[in-house]
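Enquirer: This is the content of input-v1.txt (compact mmCIF, C-alpha atoms and all ligand atoms):
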# COMPACT_ATOMS: atom_id res chain seq x y z
CA MET A 1 -17.65 -2.53 -7.39
CA GLU A 2 -19.14 -5.84 -6.34
CA ILE A 3 -16.29 -8.07 -5.08
CA SER A 4 -18.10 -11.38 -5.43
CA GLY A 5 -17.00 -13.35 -8.49
CA ARG A 6 -14.03 -11.05 -9.21
CA VAL A 7 -10.46 -12.09 -9.87
CA ALA A 8 -7.84 -10.28 -7.78
CA ILE A 9 -4.09 -10.21 -7.33
CA VAL A 10 -2.79 -9.14 -3.91
CA THR A 11 0.92 -8.39 -3.51
CA GLY A 12 2.62 -8.73 -0.15
CA ALA A 13 -0.05 -11.33 0.65
CA GLY A 14 2.15 -13.57 2.77
CA ALA A 15 1.74 -11.48 5.91
CA GLY A 16 0.16 -8.42 7.50
CA ILE A 17 -2.36 -6.32 5.60
CA GLY A 18 -2.01 -8.32 2.35
CA ALA A 19 -2.78 -11.63 4.06
CA ALA A 20 -5.83 -10.12 5.80
CA LEU A 21 -6.97 -8.53 2.53
CA SER A 22 -6.70 -11.86 0.71
CA ARG A 23 -8.76 -13.62 3.37
CA ARG A 24 -11.37 -10.89 3.27
CA LEU A 25 -11.59 -10.90 -0.53
CA VAL A 26 -12.11 -14.67 -0.61
CA ALA A 27 -14.75 -14.34 2.12
CA GLU A 28 -16.52 -11.84 -0.14
CA GLY A 29 -16.51 -14.35 -3.03
CA ALA A 30 -13.41 -13.29 -4.99
CA ARG A 31 -10.69 -15.59 -6.33
CA VAL A 32 -7.23 -14.39 -5.47
CA VAL A 33 -3.60 -14.82 -6.54
CA LEU A 34 -1.42 -14.16 -3.49
CA ALA A 35 2.05 -12.86 -4.34
CA ASP A 36 4.97 -12.49 -1.98
CA LEU A 37 8.74 -12.73 -1.81
CA ASP A 38 8.00 -15.15 0.99
CA LEU A 39 6.36 -17.98 -0.98
CA ASP A 40 5.94 -20.12 2.15
CA GLY A 41 4.01 -17.35 3.89
CA ALA A 42 1.76 -16.76 0.88
CA ALA A 43 1.27 -20.53 0.42
CA ARG A 44 0.19 -20.93 4.06
CA VAL A 45 -2.45 -18.20 3.63
CA ALA A 46 -3.58 -19.58 0.26
CA GLU A 47 -3.90 -23.14 1.60
CA SER A 48 -6.21 -21.90 4.35
CA LEU A 49 -8.44 -20.35 1.66
CA GLY A 50 -9.03 -23.48 -0.46
CA ALA A 51 -9.65 -23.50 -4.21
CA ALA A 52 -10.28 -19.73 -4.42
CA ALA A 53 -6.64 -18.87 -3.79
CA VAL A 54 -3.20 -19.68 -5.21
CA ALA A 55 0.22 -18.46 -4.05
CA VAL A 56 3.06 -17.27 -6.27
CA GLY A 57 6.55 -16.35 -5.07
CA GLY A 58 8.68 -13.51 -6.41
CA ASP A 59 9.65 -9.86 -6.27
CA VAL A 60 6.60 -7.87 -7.34
CA ALA A 61 8.79 -4.95 -8.42
CA ASP A 62 10.09 -7.19 -11.24
CA GLU A 63 8.04 -6.78 -14.41
CA ARG A 64 8.51 -10.46 -15.36
CA VAL A 65 7.12 -11.53 -12.00
CA ILE A 66 4.09 -9.25 -12.42
CA ARG A 67 3.53 -10.68 -15.94
CA GLY A 68 3.67 -14.15 -14.38
CA LEU A 69 1.09 -13.18 -11.76
CA ILE A 70 -1.32 -11.91 -14.40
CA ASP A 71 -0.82 -15.04 -16.54
CA ARG A 72 -1.34 -17.31 -13.54
CA ALA A 73 -4.51 -15.46 -12.52
CA GLU A 74 -5.88 -15.76 -16.06
CA ALA A 75 -5.03 -19.45 -16.28
CA GLU A 76 -6.51 -20.31 -12.87
CA PHE A 77 -9.46 -17.95 -12.59
CA GLY A 78 -9.84 -15.64 -15.62
CA PRO A 79 -8.90 -12.03 -16.47
CA VAL A 80 -7.74 -9.84 -13.56
CA ASP A 81 -10.39 -7.41 -12.28
CA LEU A 82 -8.54 -6.02 -9.27
CA TYR A 83 -4.85 -5.49 -8.53
CA PHE A 84 -3.90 -4.72 -4.93
CA ALA A 85 -0.41 -3.17 -5.05
CA ASN A 86 0.13 -3.73 -1.37
CA ALA A 87 3.70 -5.01 -0.89
CA GLY A 88 5.78 -2.32 0.73
CA ILE A 89 9.01 -1.89 2.62
CA GLY A 90 10.65 0.57 4.98
CA GLY A 91 14.40 0.93 5.04
CA GLY A 92 16.69 3.86 5.36
CA ALA A 93 16.50 6.65 7.88
CA GLY A 94 17.79 10.20 7.40
CA LEU A 95 20.34 11.76 5.04
CA ASP A 96 22.67 8.86 5.74
CA SER A 97 20.28 6.48 3.95
CA THR A 98 22.27 4.81 1.18
CA ASP A 99 21.45 4.98 -2.52
CA ALA A 100 20.62 1.27 -2.30
CA GLN A 101 18.07 1.96 0.45
CA TRP A 102 16.49 4.76 -1.60
CA ALA A 103 16.42 2.57 -4.70
CA ALA A 104 14.80 -0.34 -2.84
CA ALA A 105 12.07 1.87 -1.34
CA LEU A 106 11.31 3.45 -4.72
CA GLU A 107 11.33 0.07 -6.51
CA VAL A 108 8.88 -1.66 -4.18
CA ASN A 109 6.76 1.25 -2.96
CA VAL A 110 6.35 3.04 -6.31
CA LEU A 111 7.83 1.43 -9.44
CA ALA A 112 6.15 -1.89 -8.67
CA HIS A 113 2.84 0.00 -8.98
CA VAL A 114 3.88 1.70 -12.22
CA ARG A 115 4.96 -1.60 -13.80
CA ALA A 116 1.76 -3.38 -12.76
CA ALA A 117 -0.41 -0.59 -14.17
CA ARG A 118 1.62 -0.60 -17.40
CA LEU A 119 0.81 -4.29 -17.88
CA LEU A 120 -2.81 -4.19 -16.73
CA VAL A 121 -4.28 -0.96 -18.09
CA PRO A 122 -4.32 -1.90 -21.81
CA GLY A 123 -6.38 -5.04 -21.05
CA TRP A 124 -8.65 -3.10 -18.71
CA LEU A 125 -9.25 -0.44 -21.38
CA ALA A 126 -10.06 -3.17 -23.92
CA ARG A 127 -12.47 -4.88 -21.49
CA GLY A 128 -14.03 -1.60 -20.32
CA GLY A 129 -12.79 -1.56 -16.75
CA GLY A 130 -10.51 -2.67 -13.96
CA TYR A 131 -9.57 -1.64 -10.44
CA PHE A 132 -6.13 -0.65 -9.11
CA VAL A 133 -5.77 -0.42 -5.33
CA SER A 134 -2.56 1.11 -4.01
CA THR A 135 -1.55 0.59 -0.40
CA ALA A 136 0.33 3.82 0.19
CA SER A 137 0.32 5.19 3.75
CA ALA A 138 -0.63 8.23 5.81
CA ALA A 139 3.12 8.90 5.40
CA GLY A 140 2.32 9.60 1.74
CA LEU A 141 -0.11 12.38 2.66
CA LEU A 142 1.70 13.71 5.75
CA THR A 143 5.25 12.45 6.38
CA GLN A 144 7.16 9.71 8.20
CA LEU A 145 9.30 11.02 11.02
CA GLY A 146 12.63 9.15 11.03
CA SER A 147 12.56 7.86 7.44
CA ALA A 148 13.03 10.01 4.37
CA PRO A 149 12.90 7.07 1.88
CA TYR A 150 9.61 5.82 3.32
CA ALA A 151 8.00 9.30 3.41
CA VAL A 152 9.12 10.17 -0.11
CA SER A 153 8.32 6.83 -1.76
CA LYS A 154 4.84 6.81 -0.19
CA HIS A 155 4.20 10.36 -1.45
CA ALA A 156 5.15 9.09 -4.89
CA ALA A 157 2.74 6.16 -4.52
CA VAL A 158 -0.09 8.59 -3.71
CA GLY A 159 0.95 10.76 -6.66
CA PHE A 160 0.90 7.81 -9.05
CA ALA A 161 -2.51 6.61 -7.84
CA GLU A 162 -3.93 10.14 -8.31
CA TRP A 163 -2.45 10.35 -11.81
CA LEU A 164 -3.86 6.95 -12.77
CA SER A 165 -7.32 7.94 -11.56
CA VAL A 166 -7.30 11.29 -13.35
CA THR A 167 -5.95 9.81 -16.57
CA TYR A 168 -8.13 6.70 -16.86
CA GLY A 169 -11.13 7.36 -14.60
CA ASP A 170 -13.30 8.27 -17.59
CA ASN A 171 -12.41 4.95 -19.24
CA GLY A 172 -13.89 2.78 -16.53
CA ILE A 173 -10.69 2.29 -14.56
CA ARG A 174 -11.13 2.72 -10.83
CA VAL A 175 -8.34 3.55 -8.41
CA SER A 176 -8.22 3.57 -4.63
CA CYS A 177 -5.35 4.72 -2.45
CA VAL A 178 -5.18 3.26 1.05
CA CYS A 179 -3.45 5.53 3.59
CA PRO A 180 -3.35 4.01 7.07
CA MET A 181 -1.37 5.19 10.07
CA GLY A 182 -0.36 2.36 12.44
CA VAL A 183 -1.24 -1.24 11.66
CA ASP A 184 -0.04 -4.10 13.82
CA THR A 185 2.32 -5.90 11.44
CA GLN A 186 5.98 -6.83 11.14
CA LEU A 187 6.62 -3.63 9.18
CA LEU A 188 5.55 -1.45 12.09
CA GLN A 189 7.21 -3.66 14.70
CA SER A 190 10.65 -3.75 13.09
CA GLY A 191 10.66 -2.84 9.39
CA LEU A 192 10.17 0.91 9.07
CA VAL A 193 13.77 1.87 9.82
CA PRO A 194 16.73 -0.55 10.08
CA PRO A 195 17.73 -1.29 13.69
CA GLU A 196 21.26 0.10 13.18
CA HIS A 197 19.63 3.56 13.09
CA ALA A 198 18.34 3.03 16.62
CA ALA A 199 17.29 6.64 17.37
CA GLU A 200 15.44 7.06 14.05
CA ALA A 201 13.85 3.60 14.34
CA GLU A 202 12.52 4.48 17.79
CA LEU A 203 11.30 7.89 16.58
CA ALA A 204 9.49 6.38 13.59
CA VAL A 205 7.62 3.77 15.60
CA LYS A 206 6.84 6.19 18.45
CA ALA A 207 5.48 8.73 15.96
CA VAL A 208 3.12 6.18 14.38
CA LYS A 209 1.95 4.78 17.72
CA THR A 210 1.44 8.22 19.28
CA ALA A 211 -0.45 9.67 16.32
CA GLY A 212 -3.40 7.29 16.57
CA ALA A 213 -4.70 3.79 17.25
CA VAL A 214 -2.74 0.81 15.96
CA LEU A 215 -5.32 -1.19 13.99
CA SER A 216 -5.28 -4.89 13.23
CA PRO A 217 -4.70 -5.99 9.61
CA GLU A 218 -8.22 -7.45 9.68
CA GLN A 219 -9.73 -4.07 10.60
CA VAL A 220 -7.85 -2.46 7.72
CA ALA A 221 -8.92 -5.20 5.28
CA GLU A 222 -12.57 -4.67 6.17
CA ILE A 223 -12.27 -0.90 5.61
CA VAL A 224 -10.42 -1.41 2.30
CA VAL A 225 -13.06 -3.79 0.95
CA ALA A 226 -15.84 -1.36 1.95
CA GLY A 227 -13.93 1.49 0.26
CA VAL A 228 -13.49 -0.53 -2.94
CA GLU A 229 -17.17 -1.51 -2.95
CA ALA A 230 -17.99 2.21 -2.66
CA GLU A 231 -15.31 3.00 -5.32
CA ARG A 232 -13.77 5.65 -3.05
CA PHE A 233 -10.34 6.99 -4.06
CA LEU A 234 -8.97 7.84 -0.64
CA ILE A 235 -9.43 5.03 1.86
CA LEU A 236 -8.51 6.14 5.37
CA PRO A 237 -8.60 3.40 8.00
CA HIS A 238 -7.77 6.18 10.50
CA PRO A 239 -10.38 8.85 9.62
CA GLU A 240 -8.49 11.54 11.59
CA VAL A 241 -5.85 11.53 8.83
CA LEU A 242 -8.26 13.59 6.71
CA LYS A 243 -8.20 16.37 9.33
CA MET A 244 -4.39 16.28 9.54
CA TYR A 245 -4.16 16.38 5.75
CA SER A 246 -6.53 19.31 5.52
CA HIS A 247 -4.48 21.19 8.19
CA LYS A 248 -1.42 20.62 6.04
CA GLY A 249 -3.17 21.96 2.94
CA THR A 250 -4.67 24.93 4.76
CA ASP A 251 -1.47 26.25 6.34
CA TYR A 252 1.69 24.36 5.33
CA ASP A 253 4.07 26.40 7.54
CA ARG A 254 1.91 25.91 10.61
CA TRP A 255 1.70 22.19 9.88
CA LEU A 256 5.52 22.00 9.54
CA ASP A 257 5.93 23.83 12.88
CA GLY A 258 3.55 21.38 14.48
CA MET A 259 5.47 18.39 13.06
CA ARG A 260 8.76 19.81 14.38
CA ARG A 261 7.21 20.23 17.84
CA PHE A 262 5.80 16.68 17.68
CA GLN A 263 9.23 15.33 16.69
CA ALA A 264 11.00 17.26 19.46
CA ALA A 265 8.51 15.99 22.04
CA LEU A 266 8.98 12.38 20.87
CA ARG A 267 12.76 12.73 21.05
CA GLY A 268 12.35 14.01 24.60
N1 LIG A 301 1.94 -1.56 9.16
C1 LIG A 301 1.71 -0.26 9.09
O1 LIG A 301 1.67 0.44 10.13
C2 LIG A 301 1.44 0.40 7.75
C3 LIG A 301 0.93 1.70 7.75
C4 LIG A 301 0.70 2.33 6.54
C5 LIG A 301 0.96 1.66 5.35
N2 LIG A 301 1.43 0.38 5.39
C6 LIG A 301 1.70 -0.27 4.10
O2 LIG A 301 0.95 -1.45 4.01
C7 LIG A 301 1.58 -2.35 3.11
C8 LIG A 301 1.65 -3.73 3.73
O3 LIG A 301 2.52 -3.66 4.84
P1 LIG A 301 2.36 -4.53 6.17
O4 LIG A 301 2.32 -3.58 7.29
O5 LIG A 301 1.30 -5.55 6.00
O6 LIG A 301 3.82 -5.17 6.18
P2 LIG A 301 4.35 -6.66 6.38
O7 LIG A 301 5.82 -6.50 6.46
O8 LIG A 301 3.62 -7.36 7.48
O9 LIG A 301 3.94 -7.39 5.01
C9 LIG A 301 4.49 -6.99 3.81
C10 LIG A 301 4.64 -8.23 2.93
O10 LIG A 301 5.15 -7.79 1.67
C11 LIG A 301 6.14 -8.67 1.24
N3 LIG A 301 7.06 -7.99 0.33
C12 LIG A 301 7.91 -6.97 0.60
N4 LIG A 301 8.58 -6.61 -0.50
C13 LIG A 301 8.15 -7.43 -1.49
C14 LIG A 301 8.49 -7.56 -2.86
N5 LIG A 301 9.41 -6.77 -3.44
N6 LIG A 301 7.84 -8.50 -3.60
C15 LIG A 301 6.92 -9.31 -3.03
N7 LIG A 301 6.57 -9.23 -1.72
C16 LIG A 301 7.18 -8.30 -0.98
C17 LIG A 301 6.84 -9.14 2.52
O11 LIG A 301 7.50 -10.38 2.32
C18 LIG A 301 5.65 -9.25 3.47
O12 LIG A 301 5.07 -10.54 3.48
C19 LIG A 301 2.94 -1.74 2.78
O13 LIG A 301 2.88 -1.10 1.53
C20 LIG A 301 3.12 -0.73 3.89
O14 LIG A 301 3.99 0.31 3.54
C21 LIG A 301 1.68 -0.26 6.56
What is this structure when it is put down as structure tokens?
Ligand SMILES: NC(=O)c1ccc[n+]([C@@H]2O[C@H](COP(=O)([O-])OP(=O)(O)OC[C@H]3O[C@@H](n4cnc5c(N)ncnc54)[C@H](O)[C@@H]3O)[C@@H](O)[C@H]2O)c1

Expert:
Amino acid sequence: MEISGRVAIVTGAGAGIGAALSRRLVAEGARVVLADLDLDGAARVAESLGAAAVAVGGDVADERVIRGLIDRAEAEFGPVDLYFANAGIGGGAGLDSTDAQWAAALEVNVLAHVRAARLLVPGWLARGGGYFVSTASAAGLLTQLGSAPYAVSKHAAVGFAEWLSVTYGDNGIRVSCVCPMGVDTQLLQSGLVPPEHAAEAELAVKAVKTAGAVLSPEQVAEIVVAGVEAERFLILPHPEVLKMYSHKGTDYDRWLDGMRRFQAALRG
């Protein structure tokens, strides 16, 4: 898909990967609605991008907020071509994660995607196409040591993106699923696991940083845009994730043994 001239919505655009993606999309000639709980953050990014960007505040897991984003995009720029379901949260740790932590992870990391697709797909089918880009995580293909809610909700995000692609791919709807390991953002620095679970928080961050390079959000944005232009489903900013994922698929028990050894080594 050619990005130039397209209309995009990017969620979680006030910081990190979403902010870098928004900048990159505008540089490629797209017009972008930047959505974030943190309206000030999104507004700062949008202001730096001029007339091709507007910021909207709100919780992108809320269907009314998503409806508002789509309406705003249409009013400012025209029908939405691309939706980047990028906002995501950590939270929770092991079995002591609360129901509220599970619910929050599932709301933002999965149900936000489902609700956006529910609102967008009918219009995309009527217009003959559209593009849904899910920022899941390598944790959705492998796992996230130290955080069950993050690992599980990201698996669900991958599962939903796959389902969307299989179900609507023949109707012109494109789907990409972005699965990075470490990216240098607030989420990795302090958001994966709440600080009160100090041992799990340390394990989670150590696991990500030990597994591979920590990329900048700008590096990830460049790889995502190239993947969308190539209409590739699985976008892997860390290419070695494909090898890890194929090990998992080839011999699950061996992969689990390896993960236990990795975890034990990280815990010292
Ligand atoms: N940083 C990493 O190492 C890493 C690795 C793999 C995947 N990811 C995924 O990338 C995505 C972006 O994360 P990031 O690292 O840029 O994090 P970040 O914390 O820097 O940015 C996330 C942004 O999303 C916003 N947000 C969170 N919940 C929201 C909600 N309900 N509604 C609206 N906005 C909301 C936050 O305010 C924040 O501005 C997430 O889905 C994350 O899980 C990150």

Enquirer: List all protein, DNA and RNA residues that have an atom no more than 8 Å from any atom of ligand LIG 301 (chain A), counting only C-alpha atoms and all ligand atoms, and report them as a ChimeraX atom specification.

Expert: /A:11-19,35-38,41-42,57-62,85-90,107-109,112,135-139,150,154,178-189,191,208,214,217

Enquirer: Could you please determine the separation between atom CA of Val241 of chain A and atom CA of Ala117 of chain A in Å, to one decimal place?

Expert: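 So the two atoms, atom CA of Val241 of chain A and atom CA of Ala117 of chain A, lie 26.6 Å apart.
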
Enquirer: I'd like to know which of A:Val33, A:Asn171, A:His113, A:Gly91 is closest to Val158 of chain A, using all atoms listed in the file.

Expert: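 Residue with the minimum atom-to-atom distance to Val158 of chain A: A:His113.
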
Enquirer: Between atom CA of Ala30 of chain A and atom CA of Ala8 of chain A, measure the distance and give it in Å to one decimal.

Expert: 6.9 Å

Enquirer: Against segment 248-268 of chain A, which residues of segment 123-169 of chain A fall within 12 Å? For each one I want the closest pair of atoms and the distance in Å (one decimal), counting all atoms listed in the file, rows by chain and increasing residue number, as CSV.

Expert:
residue,atom,partner,partner_atom,distance
A:Leu141,CA,A:Lys248,CA,9.0
A:Leu142,CA,A:Lys248,CA,7.6
A:Thr143,CA,A:Met259,CA,8.9
A:Gln144,CA,A:Met259,CA,10.1
A:Leu145,CA,A:Gln263,CA,7.1
A:Gly146,CA,A:Gln263,CA,9.0

Enquirer: Using only C-alpha atoms, which residues sit within 9 Å of segment 51-54 of chain A once same-chain residues fewer than 3 positions away are excluded, as a short mmCIF file (atom, residue, chain, number, x, y, z; two decimals) with C-alpha atoms, in the coordinates of the input?

Expert:
data_model
loop_
_atom_site.label_atom_id
_atom_site.label_comp_id
_atom_site.auth_asym_id
_atom_site.auth_seq_id
_atom_site.Cartn_x
_atom_site.Cartn_y
_atom_site.Cartn_z
CA SER A 22 -6.70 -11.86 0.71
CA VAL A 26 -12.11 -14.67 -0.61
CA GLY A 29 -16.51 -14.35 -3.03
CA ALA A 30 -13.41 -13.29 -4.99
CA ARG A 31 -10.69 -15.59 -6.33
CA VAL A 32 -7.23 -14.39 -5.47
CA VAL A 33 -3.60 -14.82 -6.54
CA LEU A 34 -1.42 -14.16 -3.49
CA ALA A 35 2.05 -12.86 -4.34
CA ALA A 42 1.76 -16.76 0.88
CA ALA A 43 1.27 -20.53 0.42
CA VAL A 45 -2.45 -18.20 3.63
CA ALA A 46 -3.58 -19.58 0.26
CA GLU A 47 -3.90 -23.14 1.60
CA SER A 48 -6.21 -21.90 4.35
CA ARG A 72 -1.34 -17.31 -13.54
CA ALA A 73 -4.51 -15.46 -12.52
CA GLU A 76 -6.51 -20.31 -12.87
CA PHE A 77 -9.46 -17.95 -12.59
#

Enquirer: Work out how far apart atom CA of Phe132 of chain A and atom CA of Ser176 of chain A are and give it in Å to one decimal.

Expert: 6.5 Å

Enquirer: Measuring between all atoms listed in the file, which one of A:Ala75, A:Val205, A:Cys177, A:Gly212 shows the shortest distance to Val228 of chain A?

Expert: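 Ranking A:Ala75, A:Val205, A:Cys177, A:Gly212 by distance to Val228 of chain A, first place goes to A:Cys177.
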
Enquirer: A:Leu49, A:Ala198, A:Ala204, A:Leu69: which is nearest Leu21 of chain A, counting all atoms listed in the file?

Expert: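 Result for the nearest residue to Leu21 of chain A: A:Leu49.
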
Enquirer: Find, counting all atoms listed in the file, the residue in A:Ala221, A:Ala161, A:Val166, A:Leu125 that gets nearest to Leu25 of chain A.

Expert: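 Using all atoms listed in the file, the shortest distance to Leu25 of chain A belongs to A:Ala221.
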
Enquirer: Quick one: of A:Ala156, A:Leu236, A:Ala207, A:Leu82, who's nearest to Val220 of chain A, counting all atoms listed in the file?

Expert: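 Closest to Val220 of chain A, using all atoms listed in the file: A:Leu236.
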
Enquirer: How would segment 89-109 of chain A look with N, CA and C atoms restored, written as an mmCIF file, in the coordinates of the input?

Expert:
data_model
loop_
_atom_site.group_PDB
_atom_site.id
_atom_site.type_symbol
_atom_site.label_atom_id
_atom_site.label_comp_id
_atom_site.auth_asym_id
_atom_site.auth_seq_id
_atom_site.Cartn_x
_atom_site.Cartn_y
_atom_site.Cartn_z
ATOM 1 N N ILE A 89 7.879 -1.727 1.695
ATOM 2 C CA ILE A 89 9.010 -1.890 2.620
ATOM 3 C C ILE A 89 9.379 -0.533 3.234
ATOM 4 N N GLY A 90 10.027 -0.616 4.393
ATOM 5 C CA GLY A 90 10.650 0.570 4.980
ATOM 6 C C GLY A 90 12.091 0.608 4.494
ATOM 7 N N GLY A 91 12.970 0.916 5.415
ATOM 8 C CA GLY A 91 14.400 0.930 5.040
ATOM 9 C C GLY A 91 14.897 2.343 4.947
ATOM 10 N N GLY A 92 16.123 2.517 5.371
ATOM 11 C CA GLY A 92 16.690 3.860 5.360
ATOM 12 C C GLY A 92 16.215 4.658 6.560
ATOM 13 N N ALA A 93 16.867 5.784 6.758
ATOM 14 C CA ALA A 93 16.500 6.650 7.880
ATOM 15 C C ALA A 93 16.593 8.097 7.393
ATOM 16 N N GLY A 94 17.659 8.794 7.788
ATOM 17 C CA GLY A 94 17.790 10.200 7.400
ATOM 18 C C GLY A 94 18.685 10.381 6.178
ATOM 19 N N LEU A 95 19.490 11.472 6.191
ATOM 20 C CA LEU A 95 20.340 11.760 5.040
ATOM 21 C C LEU A 95 21.430 10.713 4.843
ATOM 22 N N ASP A 96 21.669 9.922 5.891
ATOM 23 C CA ASP A 96 22.670 8.860 5.740
ATOM 24 C C ASP A 96 22.082 7.592 5.114
ATOM 25 N N SER A 97 20.830 7.623 4.699
ATOM 26 C CA SER A 97 20.280 6.480 3.950
ATOM 27 C C SER A 97 21.124 6.304 2.693
ATOM 28 N N THR A 98 21.417 5.060 2.353
ATOM 29 C CA THR A 98 22.270 4.810 1.180
ATOM 30 C C THR A 98 21.436 4.877 -0.105
ATOM 31 N N ASP A 99 22.143 5.008 -1.228
ATOM 32 C CA ASP A 99 21.450 4.980 -2.520
ATOM 33 C C ASP A 99 20.687 3.663 -2.683
ATOM 34 N N ALA A 100 21.290 2.586 -2.171
ATOM 35 C CA ALA A 100 20.620 1.270 -2.300
ATOM 36 C C ALA A 100 19.316 1.264 -1.512
ATOM 37 N N GLN A 101 19.311 1.906 -0.339
ATOM 38 C CA GLN A 101 18.070 1.960 0.450
ATOM 39 C C GLN A 101 17.002 2.800 -0.259
ATOM 40 N N TRP A 102 17.425 3.935 -0.828
ATOM 41 C CA TRP A 102 16.490 4.760 -1.600
ATOM 42 C C TRP A 102 15.937 3.974 -2.783
ATOM 43 N N ALA A 103 16.851 3.293 -3.498
ATOM 44 C CA ALA A 103 16.420 2.570 -4.700
ATOM 45 C C ALA A 103 15.428 1.463 -4.331
ATOM 46 N N ALA A 104 15.700 0.754 -3.235
ATOM 47 C CA ALA A 104 14.800 -0.340 -2.840
ATOM 48 C C ALA A 104 13.420 0.193 -2.495
ATOM 49 N N ALA A 105 13.378 1.298 -1.733
ATOM 50 C CA ALA A 105 12.070 1.870 -1.340
ATOM 51 C C ALA A 105 11.297 2.318 -2.581
ATOM 52 N N LEU A 106 12.004 2.961 -3.507
ATOM 53 C CA LEU A 106 11.310 3.450 -4.720
ATOM 54 C C LEU A 106 10.873 2.289 -5.612
ATOM 55 N N GLU A 107 11.693 1.247 -5.693
ATOM 56 C CA GLU A 107 11.330 0.070 -6.510
ATOM 57 C C GLU A 107 10.032 -0.567 -6.005
ATOM 58 N N VAL A 108 10.019 -0.879 -4.707
ATOM 59 C CA VAL A 108 8.880 -1.660 -4.180
ATOM 60 C C VAL A 108 7.663 -0.776 -3.920
ATOM 61 N N ASN A 109 7.896 0.418 -3.386
ATOM 62 C CA ASN A 109 6.760 1.250 -2.960
ATOM 63 C C ASN A 109 6.154 2.058 -4.101
#
